[in-house]
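Trainee: This structure is in structure tokens; I'll ask about it shortly.
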Amino acid sequence: MQRLEPDEIPSRPLSRPLLLAAAATGLLAFLLYLRTLAPTLPTGDSGDLITAAWVLGVPHPPGYPLQTVLGHLFTLIPIGDPAYRVNLMSAVADALAIAGLVVLVFGLVGRREGDRADRRTALFSAIVAGLFLATSGAFWRYSLVAEVFALNNLFAVSLLLVLLRWRREPERWRFLAAFFLLAGLAATNQQTIVLLAPGLAILLAAGLRELARRSRDRSGLFGPYTRPVRHITRAVPLLLVGLLPYLYLPIAAAANPPVNWGDSETPGAFIDVVTRSAYGTFRLTAEETGGSPIEHVWLFGGYLVRAFTPLGIGLAVVGSWSLLRRHRPDGLAIVTAFLVSGPLFVAFANISLETPIAHSVLERFYILPAIPFAIAIGAGAYDALAWLSRMVPPDIRRVAIAGGACLLIAAPMGWGLANYAAIDQSSERIATGFAHDILDSLESDALLLVRGDEKYSSLAYAQFVEDLRPDVIVLDVELLKGPWFVRDIRRRYPGVEIPFAAYDDGATTSLANLVRANLGDRPIYYAGTMKEADWTAGFDESRLGLVRRLRPQGAAPDPNAALRDNPAVVTSLDFPERDYPATTWERLIAAQYGQAAFDVAFALHGEGSADDDKLAEDMYRAAIRLAPELTQALKNLGLLLRDRGADRAEIIALWERFLEISPNDPQAAAIRAAIDELR
């Protein structure tokens with residue numbers, strides 16, 4: 001198969017069949033996303049982004065001004081709650097990206113002078129590419145929640161589409177202008193779009209070289225490159241125009257919205273937010289790297305197999321080889337974009353995978369390389385169908401191509417059906433219930449210390465969007481490390497005393513001092529585990545389900561008394577009804593419900609009442625289901641069942657599972673002896 005010369009490269013017009021195919025594929029994707037869309041607040045960063053969009057604030061760095069402004073426009077749509085409306089924005093953006101990908105692949109494969117059969121083959125191949133991408137794991141999953149990745153996908157497809165079109169017709173300056181404008185806008189949404197730069201640079205260089213080749217006036221200062229230089233100098237300023245949404249950050253910060261990360265009013269603070277200095281400008285997370293680059297590349301490869309099926313992998317390999325041979329600059333650009341944004345990036349980022357949630361964080365960055373990968377799938381599908389058309393007699397060629405296309409389309413459609421239940425978010429309300437359960441358990445004018453995105457973003461949405469419990473002051477201890485946050489809290493809540501300019505996890509400042517400074521004025525609670533050790537040692541604490549209340553020492557010596565007196569503070573919680581993978585934010589929330597269930601079970605265990613023991617048994621079982629890593633629940637449930645004379649086989653199974661997970665527990669020997677005795 002020979003390489004096409006520049007004047008042979010197809011430049012297919014936007015014909016009616018192409019537009020219909022693109023629209024139909026995008027609409028099919030949108031209907032899938034709409035059916036599985038999260039109905040309210042999702043977990044993770046979504047609460048922060050939705051709340052910032054609602055109040056026109058500034059979300060976490062780099063501030064995401066374009067996402068925030070567009071998200072605010074979507075909140076004006078009078079359907080569902082505000083979270084649903086911003087979730088809808090992701091579904092719309094990714095559906096448009098799928099439609100754009102169909103147009104892109106159709107224009108990339110085939111020949112300019114191809115016959116009708118060739119056009120059908122190119123069209124079917126483009127649809128196959130769109131459906132493979134639409135139903136791929138992370139792409140589909142992040143089409144259902146308010147996040148920045150869907151808009152990033154739309155920009156990625158648009159940048160490739162306009163630059164490929166300009167490369168074929170480099171005299172048409174408006175495509176080059178559109179590219180630079182889109183590049184600037186894309187940078188104000190998700191900065192990882194820069195990972196496409198090497199691939200885009202290849203297309204840009206090829207287009208400029210072709211423009212120079214076609215230039216008739218070679219008398220200028222730069223000879224044949226005079227016209228390319230003139231086009232570039234006219235187009236580059238539009239990149240700066242595209243960056244103008246960043247001006248939203250200081251404007252929004254000046255209004256002191258309730259979500260105002262970094263307080264970017266000053267030039268220094270503005271630069272810190274845009275460059276993500278709090279996280280490390282060139283790191284994915286604030287945590288240090290600690291993984292293995294080889295392991296990361298291996299995990300990425302495993303994701304591609306799961307997301308695109310082995311058939312998709314095979315098509316992508318064939319398509320990449322075909323593009324490199326037949327459309328060398330285009331193929332080189334697509335392959336480079338994939339390699340840089342995919343395996344090279346995850347190897348460079350090299351985030352620690354010690355916690356399961358790190359896998360979920362990393363998976364979000366598998367979405368961008370999936371776009372050039374899907375393009376390669378489309379090219380591979382074209383080659384497969386073209387081979388099929390050559391292998392069959394002319395009189396059945398049309399039927400053969402349609403049948404082959406249906407078989408190729410069946411793979412992503414089948415994958416979608418097989419994984420529908422696992423990805424479907426249409427009944428997911430755990431984040432909303434979690435925030436409500438926490439706030440409902442607090443007294444008036446309480447001060448609540450939390451740590452963890454799953455808590456702070458959910459609570460921010462409940463307070464600032466749903467207007468639930470505005471009397472409660474929520475302090476995220478990670479944000480307290482930023483002087484801007486301390487200043488903001490002092491400004492908004494002058495009655496709260498913060499005895500430091502910035503918190504440092506107990507190195508020189510302590511949460512205990514913050515508690516002492518405010519304990520006499522308001523009830524103080526905390527939720528979650530803090531990094532600072534022993535900071536509650538000087539206080540009594542009462543366990544109250546998802547939160548714990550701090551009191552002066554001696555005021556509440558029994559931490560379980562409140563649960564024994566009123567177990568309904570836990571049993572009335574909105575416990576999750578389904579199980580979640582360990583790599584999800586939902587699992588983090590479920591585990592906190594599991595801990596609450598364990599606390600009330602432990603408080604009631606052995607109190608003498610049959611009703612108390614039955615409730616303790618139910619709560620231990622809930623703890624085991626929601627927090628499997630909470631091994632003490634396995635041990636204690638076995639003890640409770642033994643004391644009640646329950647089935648020996650179940651008791652042995654519980655304790656064997658406990659010993660399997662915690663073989664070095666201080667009571668392991670006693671449990672082994674008890675198992676032998678039961679046998």
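Quick note on naming: the chains in the structure tokens go A, B, ... in the order shown, residues restart at 1 in each chain, and ligands are numbered from 1 in order of appearance.
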Can you list, as a ChimeraX atom specification, every protein, DNA or RNA residue that comes within 7 Å of Ala206 in chain A when you count only C-alpha atoms, leaving out same-chain residues fewer than 3 positions away?
Mentor: /A:167,202-203,209-210,329
Trainee: Restricting the calculation to only C-alpha atoms: of A:Arg227, A:Leu144, A:Leu244, A:Ala126, which residue gets closest to Leu182 in chain A?
Mentor: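 Using only C-alpha atoms, the shortest distance to Leu182 in chain A belongs to A:Leu244.
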Trainee: Need to verify the contact set: range 377-385 of chain A, 9 Å, only C-alpha atoms, exclusion of same-chain residues closer than 5 positions in sequence. Can you return it as a PyMOL selection string?
Mentor: chain A and resi 102+105-106+108-110+121-130+132+312-323+372+390+400-402+404-405+408
Trainee: Let's see if you can do this: from backbone DSSP, list all alpha helix (DSSP H) residues in range 597-649 of chain A, as a ChimeraX atom specification.
Mentor: /A:597-604,610-626,631-643,648-649
Trainee: Please report the interatomic distance between CA of Gly342 in chain A and CA of Pro369 in chain A in Å with one decimal.
Mentor: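 Rounded to one decimal, the two atoms are 5.1 Å apart.
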Trainee: Counting only C-alpha atoms, which residues in range 425-476 of chain A sit no more than 7 Å from range 39-48 of chain A? For each one, give the nearest pair of atoms and the distance in Å, sorted by chain then residue number, as JSON lines.
Mentor:
```
{"residue": "A:Ser426", "atom": "CA", "partner": "A:Pro39", "partner_atom": "CA", "distance": 5.7}
{"residue": "A:Ser427", "atom": "CA", "partner": "A:Pro39", "partner_atom": "CA", "distance": 6.8}
{"residue": "A:Arg429", "atom": "CA", "partner": "A:Thr40", "partner_atom": "CA", "distance": 6.5}
{"residue": "A:Ala431", "atom": "CA", "partner": "A:Thr43", "partner_atom": "CA", "distance": 5.7}
{"residue": "A:Thr432", "atom": "CA", "partner": "A:Leu41", "partner_atom": "CA", "distance": 5.9}
{"residue": "A:Asp453", "atom": "CA", "partner": "A:Gly44", "partner_atom": "CA", "distance": 6.3}
{"residue": "A:Glu454", "atom": "CA", "partner": "A:Gly44", "partner_atom": "CA", "distance": 5.6}
{"residue": "A:Ser457", "atom": "CA", "partner": "A:Gly47", "partner_atom": "CA", "distance": 4.6}
{"residue": "A:Ser458", "atom": "CA", "partner": "A:Gly47", "partner_atom": "CA", "distance": 5.5}
{"residue": "A:Tyr461", "atom": "CA", "partner": "A:Gly47", "partner_atom": "CA", "distance": 5.7}
```
Trainee: Can you pull out the residues contacting Ala591 in chain A? Cut-off 8 Å, using only C-alpha atoms, and skip same-chain residues under 3 positions away; I want them as JSON, numbers by chain.
Mentor: {"A": [587, 588, 594, 595, 623, 626, 627]}
Trainee: For the selection just defined, write its residues with N, CA and C atoms to a file, as a tab-separated table (two decimals), in the first residue's frame.
Mentor:
```tsv
chain	number	residue	atom	x	y	z
A	587	ARG	N	-16.30	4.24	47.26
A	587	ARG	CA	-15.86	3.26	48.25
A	587	ARG	C	-15.32	3.96	49.49
A	588	LEU	N	-14.63	5.09	49.31
A	588	LEU	CA	-14.14	5.85	50.47
A	588	LEU	C	-15.30	6.30	51.35
A	594	GLY	N	-19.31	2.28	56.95
A	594	GLY	CA	-18.95	1.04	57.59
A	594	GLY	C	-18.34	1.26	58.97
A	595	GLN	N	-17.49	2.27	59.10
A	595	GLN	CA	-16.91	2.58	60.40
A	595	GLN	C	-17.98	3.02	61.39
A	623	ALA	N	-21.02	-3.21	58.51
A	623	ALA	CA	-19.62	-2.77	58.50
A	623	ALA	C	-18.77	-3.67	57.60
A	626	LEU	N	-19.64	-2.80	53.91
A	626	LEU	CA	-19.24	-1.48	53.44
A	626	LEU	C	-17.75	-1.21	53.59
A	627	ALA	N	-17.11	-1.84	54.55
A	627	ALA	CA	-15.69	-1.61	54.80
A	627	ALA	C	-14.99	-2.95	55.01
```
Trainee: Would you tabulate, counting only C-alpha atoms, all residues of range 508-589 of chain A that have an atom at most 10 Å from an atom of range 603-609 of chain A, showing the closest pair of atoms and their distance in Å to one decimal, sorted by chain then ascending number, as a tab-separated table?
Mentor:
```
residue	atom	partner	partner_atom	distance
A:Arg543	CA	A:Ala603	CA	9.6
A:Pro559	CA	A:Ala603	CA	9.0
A:Asn560	CA	A:Ala603	CA	5.5
A:Ala561	CA	A:Ala603	CA	7.6
A:Ala562	CA	A:Ala603	CA	9.1
A:Leu563	CA	A:Ala603	CA	6.4
A:Arg564	CA	A:Ala603	CA	5.8
A:Asp565	CA	A:Leu604	CA	9.5
A:Pro567	CA	A:Leu604	CA	8.5
```
Trainee: Please return, as a ChimeraX atom specification, all residues of range 414-587 of chain A that DSSP assigns to strand (DSSP E or B) on the basis of the backbone.
Mentor: /A:447-450,473-476,524-527,539-543,548-552
Trainee: What does the file look like for those residues with C-alpha atoms, as a compact mmCIF listing (two decimals), in the first residue's frame?
Mentor:
```
# COMPACT_ATOMS: atom_id res chain seq x y z
CA LEU A 447 -17.46 24.01 63.66
CA LEU A 448 -16.60 20.90 61.62
CA LEU A 449 -13.04 19.85 60.76
CA VAL A 450 -12.77 17.52 57.77
CA ILE A 473 -18.58 26.27 59.50
CA VAL A 474 -16.64 23.60 57.60
CA LEU A 475 -12.84 23.75 57.66
CA ASP A 476 -10.85 21.44 55.43
CA ILE A 524 -16.74 21.27 67.56
CA TYR A 525 -16.78 18.09 65.49
CA TYR A 526 -14.42 16.33 63.15
CA ALA A 527 -14.83 13.74 60.40
CA PHE A 539 -10.08 16.20 74.73
CA ASP A 540 -12.91 13.77 75.27
CA GLU A 541 -14.68 12.66 72.14
CA SER A 542 -18.14 11.27 71.56
CA ARG A 543 -18.69 8.94 68.61
CA ARG A 548 -17.09 12.75 66.40
CA ARG A 549 -17.65 15.57 68.83
CA LEU A 550 -14.80 17.01 70.87
CA ARG A 551 -15.43 18.12 74.46
CA PRO A 552 -13.24 19.37 77.30
```
Trainee: Using only C-alpha atoms, I'd like a table of the residues in range 558-665 of chain A that come within 12 Å of range 410-423 of chain A; for each, show the closest atom pair and its distance in Å rounded to one decimal, ordered by chain and ascending number, as JSON lines.
Mentor:
```
{"residue": "A:Arg578", "atom": "CA", "partner": "A:Ala422", "partner_atom": "CA", "distance": 11.1}
{"residue": "A:Asp579", "atom": "CA", "partner": "A:Ala422", "partner_atom": "CA", "distance": 10.7}
{"residue": "A:Tyr580", "atom": "CA", "partner": "A:Ala422", "partner_atom": "CA", "distance": 9.4}
{"residue": "A:Pro581", "atom": "CA", "partner": "A:Ala422", "partner_atom": "CA", "distance": 9.7}
{"residue": "A:Thr584", "atom": "CA", "partner": "A:Ile423", "partner_atom": "CA", "distance": 11.7}
```
Trainee: Using the selection just defined, write its residues with N, CA and C atoms as an mmCIF file, in the first residue's frame.
Mentor:
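Listing of part_28.cif after writing:
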```cif
data_model
loop_
_atom_site.group_PDB
_atom_site.id
_atom_site.type_symbol
_atom_site.label_atom_id
_atom_site.label_comp_id
_atom_site.auth_asym_id
_atom_site.auth_seq_id
_atom_site.Cartn_x
_atom_site.Cartn_y
_atom_site.Cartn_z
ATOM 1 N N ARG A 578 -25.330 -0.489 47.669
ATOM 2 C CA ARG A 578 -24.564 -1.296 46.719
ATOM 3 C C ARG A 578 -23.097 -1.300 47.125
ATOM 4 N N ASP A 579 -22.358 -2.227 46.560
ATOM 5 C CA ASP A 579 -20.925 -2.316 46.819
ATOM 6 C C ASP A 579 -20.166 -1.567 45.722
ATOM 7 N N TYR A 580 -18.994 -1.049 46.086
ATOM 8 C CA TYR A 580 -18.209 -0.253 45.148
ATOM 9 C C TYR A 580 -16.797 -0.807 45.047
ATOM 10 N N PRO A 581 -16.179 -0.703 43.868
ATOM 11 C CA PRO A 581 -14.776 -1.115 43.735
ATOM 12 C C PRO A 581 -13.874 -0.290 44.654
ATOM 13 N N THR A 584 -12.630 3.465 43.834
ATOM 14 C CA THR A 584 -13.560 4.571 43.603
ATOM 15 C C THR A 584 -13.689 5.467 44.821
#
```
Trainee: Fewer than 5 positions away in the same chain doesn't count, so skip those; otherwise give me all residues within 10 Å of range 477-489 of chain A, counting only C-alpha atoms, as number ranges by chain.
Mentor: A: 256-264, 269, 278, 449-453, 456, 494-505, 511, 530-531
Trainee: Can you tell me, as a list in words, what residues are no more than 8 Å from Ala596 in chain A when counting only C-alpha atoms, ignoring any on the same chain fewer than 6 positions away?
Mentor: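 In the requested form, the answer reads Leu544, Gly545, Leu546, Val570 and Ala623 of chain A.
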Trainee: Mind writing the picked residues with C-alpha atoms as a compact mmCIF listing (two decimals), in the first residue's frame?
Mentor:
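The resulting again-v8.txt:
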```txt
# COMPACT_ATOMS: atom_id res chain seq x y z
CA LEU A 544 -21.76 10.04 66.65
CA GLY A 545 -21.69 8.01 63.48
CA LEU A 546 -19.99 9.85 60.63
CA VAL A 570 -26.29 5.74 63.14
CA ALA A 623 -19.62 -2.77 58.50
```
Trainee: Could you pull the residues within 12 Å of Asn152 in chain A, counting only C-alpha atoms, minus those fewer than 3 positions along the same chain, as number ranges by chain?
Mentor: A: 64, 66-67, 90, 93-94, 96-97, 139, 142-143, 147-149, 155-159, 182-183, 185-196, 364-365, 367-369, 371
Trainee: For the residues selected in the previous step, produce a file with C-alpha atoms as a PDB file, in the first residue's frame.
Mentor:
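Output file out.pdb follows:
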```
ATOM      1  CA  TYR A  64     -10.817  26.064  35.164  1.00  0.00           C
ATOM      2  CA  LEU A  66     -13.958  28.117  30.888  1.00  0.00           C
ATOM      3  CA  GLN A  67     -15.465  25.062  32.569  1.00  0.00           C
ATOM      4  CA  SER A  90     -20.215  16.619  30.114  1.00  0.00           C
ATOM      5  CA  ALA A  93     -19.441  17.864  25.187  1.00  0.00           C
ATOM      6  CA  ASP A  94     -18.486  14.213  24.759  1.00  0.00           C
ATOM      7  CA  LEU A  96     -20.107  16.457  20.215  1.00  0.00           C
ATOM      8  CA  ALA A  97     -16.573  15.061  20.459  1.00  0.00           C
ATOM      9  CA  PHE A 139     -14.437   8.183  28.363  1.00  0.00           C
ATOM     10  CA  TYR A 142     -16.545  10.830  32.762  1.00  0.00           C
ATOM     11  CA  SER A 143     -19.301  11.721  30.315  1.00  0.00           C
ATOM     12  CA  GLU A 147     -15.655  17.156  35.238  1.00  0.00           C
ATOM     13  CA  VAL A 148     -13.229  18.941  32.919  1.00  0.00           C
ATOM     14  CA  PHE A 149     -12.353  15.919  30.802  1.00  0.00           C
ATOM     15  CA  PHE A 155     -11.129  20.483  22.244  1.00  0.00           C
ATOM     16  CA  ALA A 156      -8.740  17.632  21.411  1.00  0.00           C
ATOM     17  CA  VAL A 157     -10.947  16.389  18.572  1.00  0.00           C
ATOM     18  CA  SER A 158     -11.531  19.939  17.319  1.00  0.00           C
ATOM     19  CA  LEU A 159      -7.824  20.789  17.287  1.00  0.00           C
ATOM     20  CA  LEU A 182      -9.041  26.723  19.995  1.00  0.00           C
ATOM     21  CA  ALA A 183      -5.606  25.944  21.427  1.00  0.00           C
ATOM     22  CA  LEU A 185      -9.328  28.162  24.836  1.00  0.00           C
ATOM     23  CA  ALA A 186      -8.366  24.530  25.450  1.00  0.00           C
ATOM     24  CA  ALA A 187      -5.530  25.648  27.738  1.00  0.00           C
ATOM     25  CA  THR A 188      -8.046  27.484  29.928  1.00  0.00           C
ATOM     26  CA  ASN A 189      -9.950  24.243  30.492  1.00  0.00           C
ATOM     27  CA  GLN A 190      -7.515  21.352  31.023  1.00  0.00           C
ATOM     28  CA  GLN A 191      -3.796  21.951  30.795  1.00  0.00           C
ATOM     29  CA  THR A 192      -3.018  18.353  29.847  1.00  0.00           C
ATOM     30  CA  ILE A 193      -4.116  19.331  26.333  1.00  0.00           C
ATOM     31  CA  VAL A 194      -0.474  20.397  25.925  1.00  0.00           C
ATOM     32  CA  LEU A 195       0.384  16.695  25.690  1.00  0.00           C
ATOM     33  CA  LEU A 196      -1.004  16.770  22.146  1.00  0.00           C
ATOM     34  CA  ARG A 364      -8.851   9.939  34.227  1.00  0.00           C
ATOM     35  CA  PHE A 365      -5.647  10.646  32.335  1.00  0.00           C
ATOM     36  CA  ILE A 367      -8.975   9.524  28.365  1.00  0.00           C
ATOM     37  CA  LEU A 368      -6.917  11.928  26.232  1.00  0.00           C
ATOM     38  CA  PRO A 369      -4.722   9.267  24.564  1.00  0.00           C
ATOM     39  CA  ILE A 371      -8.740   9.854  21.168  1.00  0.00           C
TER      40      ILE A 371
END
```
Trainee: May I ask which of the residues A:Val297, A:Ala252, A:Ala376, A:Ala38 is the closest one to Leu104 in chain A, counting only C-alpha atoms?
Mentor: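 Ranking A:Val297, A:Ala252, A:Ala376, A:Ala38 by distance to Leu104 in chain A, first place goes to A:Ala376.
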